[in-house]
Amino acid sequence: MASGKILVVDDDRSLIEVLKVRVESAGYEVTAALKEETALAAAKEQAFDLAILDLQLEGTSGIDLMQKLHLVIPGLPVIILTAHGSIESAVEAMKQGAYSYVTKPFNAPDLLLQVEKALENRVLKAEIQRLKSFLEEEY
């Protein structure tokens, strides 16, 4: 069964509940936040393995929040969710460091596949970094 701590941030309470149920049913631990401040406070209290952020949050954007989360948890993979998807916003999210970009309404199996791949990617990056450090120590 899957494992990992996931931060979900959206200003739509009903969507958060749907995301929470779907992601928890796949075996992940979910912390949900409706606001940027709550999400940042949670990130300072515990380490998350992944964040799923709405692109348009009340008072900020998911991209801005992603950048702030990266200051707290460097290398945190982020999946951006949006109901207002465009090629331009997808490209911008990816340029700014998002792992992937998913439009609403989302297909739950597809979203869970993105979650799984993002977490695998994070583990692989950590292993590469560990091996690089090991090689640098040796030589």
# chains A, B, ... in the order shown; residues from 1 in each chain; ligands from 1
$ residues_around --residues "Ala93 in chain A" --least-positions-apart "5" --cutoff "9 Å" --atoms "only C-alpha atoms" --output "number ranges by chain"
A: 55, 62-63, 80, 88, 98-101
$ select_by_dssp --residues "chain A" --states "strand (DSSP E)" --output "list in words"
Lys5, Ile6, Leu7, Val8, Val9, Glu29, Val30, Thr31, Ala32, Ala33, Leu50, Ala51, Ile52, Leu53, Asp54, Gln56, Leu57, Thr60, Ser61, Val78, Ile79, Ile80, Leu81, Thr82, Ser100, Tyr101, Val102 and Thr103 of chain A
$ closest_atom_pairs --of "range 66-113 of chain A" --to "range 25-45 of chain A" --cutoff "10 Å" --atoms "only C-alpha atoms" --output "tab-separated table"
residue	atom	partner	partner_atom	distance
A:Met66	CA	A:Leu40	CA	9.8
A:Lys68	CA	A:Leu40	CA	7.7
A:Leu69	CA	A:Leu40	CA	6.6
A:His70	CA	A:Ala43	CA	9.8
A:Val72	CA	A:Lys44	CA	6.5
A:Ile73	CA	A:Ala43	CA	7.3
A:Pro109	CA	A:Ala26	CA	9.8
A:Leu112	CA	A:Ala26	CA	7.6
$ residues_around --residues "Ile16 in chain A" --least-positions-apart "2" --cutoff "12 Å" --atoms "only C-alpha atoms" --output "list in words"
Leu7, Val8, Val9, Asp10, Asp11, Asp12, Arg13, Ser14, Val18, Leu19, Lys20, Val21, Arg22, Val23, Glu24, Val30, Thr31, Ala32, Ala33, Leu34, Lys35, Ile52, Leu53, Asp54 and Leu81 of chain A
$ atom_distance --atom1 "CA of Asp49 in chain A" --atom2 "CA of Phe134 in chain A"
23.5 Å
$ residues_around --residues "Lys117 in chain A" --least-positions-apart "2" --cutoff "12 Å" --atoms "only C-alpha atoms" --output "list in words"
Ala2, Asp49, Leu50, Pro77, Val78, Ile79, Tyr99, Ser100, Asp110, Leu111, Leu112, Leu113, Gln114, Val115, Leu119, Glu120, Asn121, Arg122, Val123 and Leu124 of chain A
$ atom_distance --atom1 "CA of Lys5 in chain A" --atom2 "CA of Glu17 in chain A"
16.1 Å
$ atom_distance --atom1 "CA of Gly97 in chain A" --atom2 "CA of Glu116 in chain A"
17.5 Å
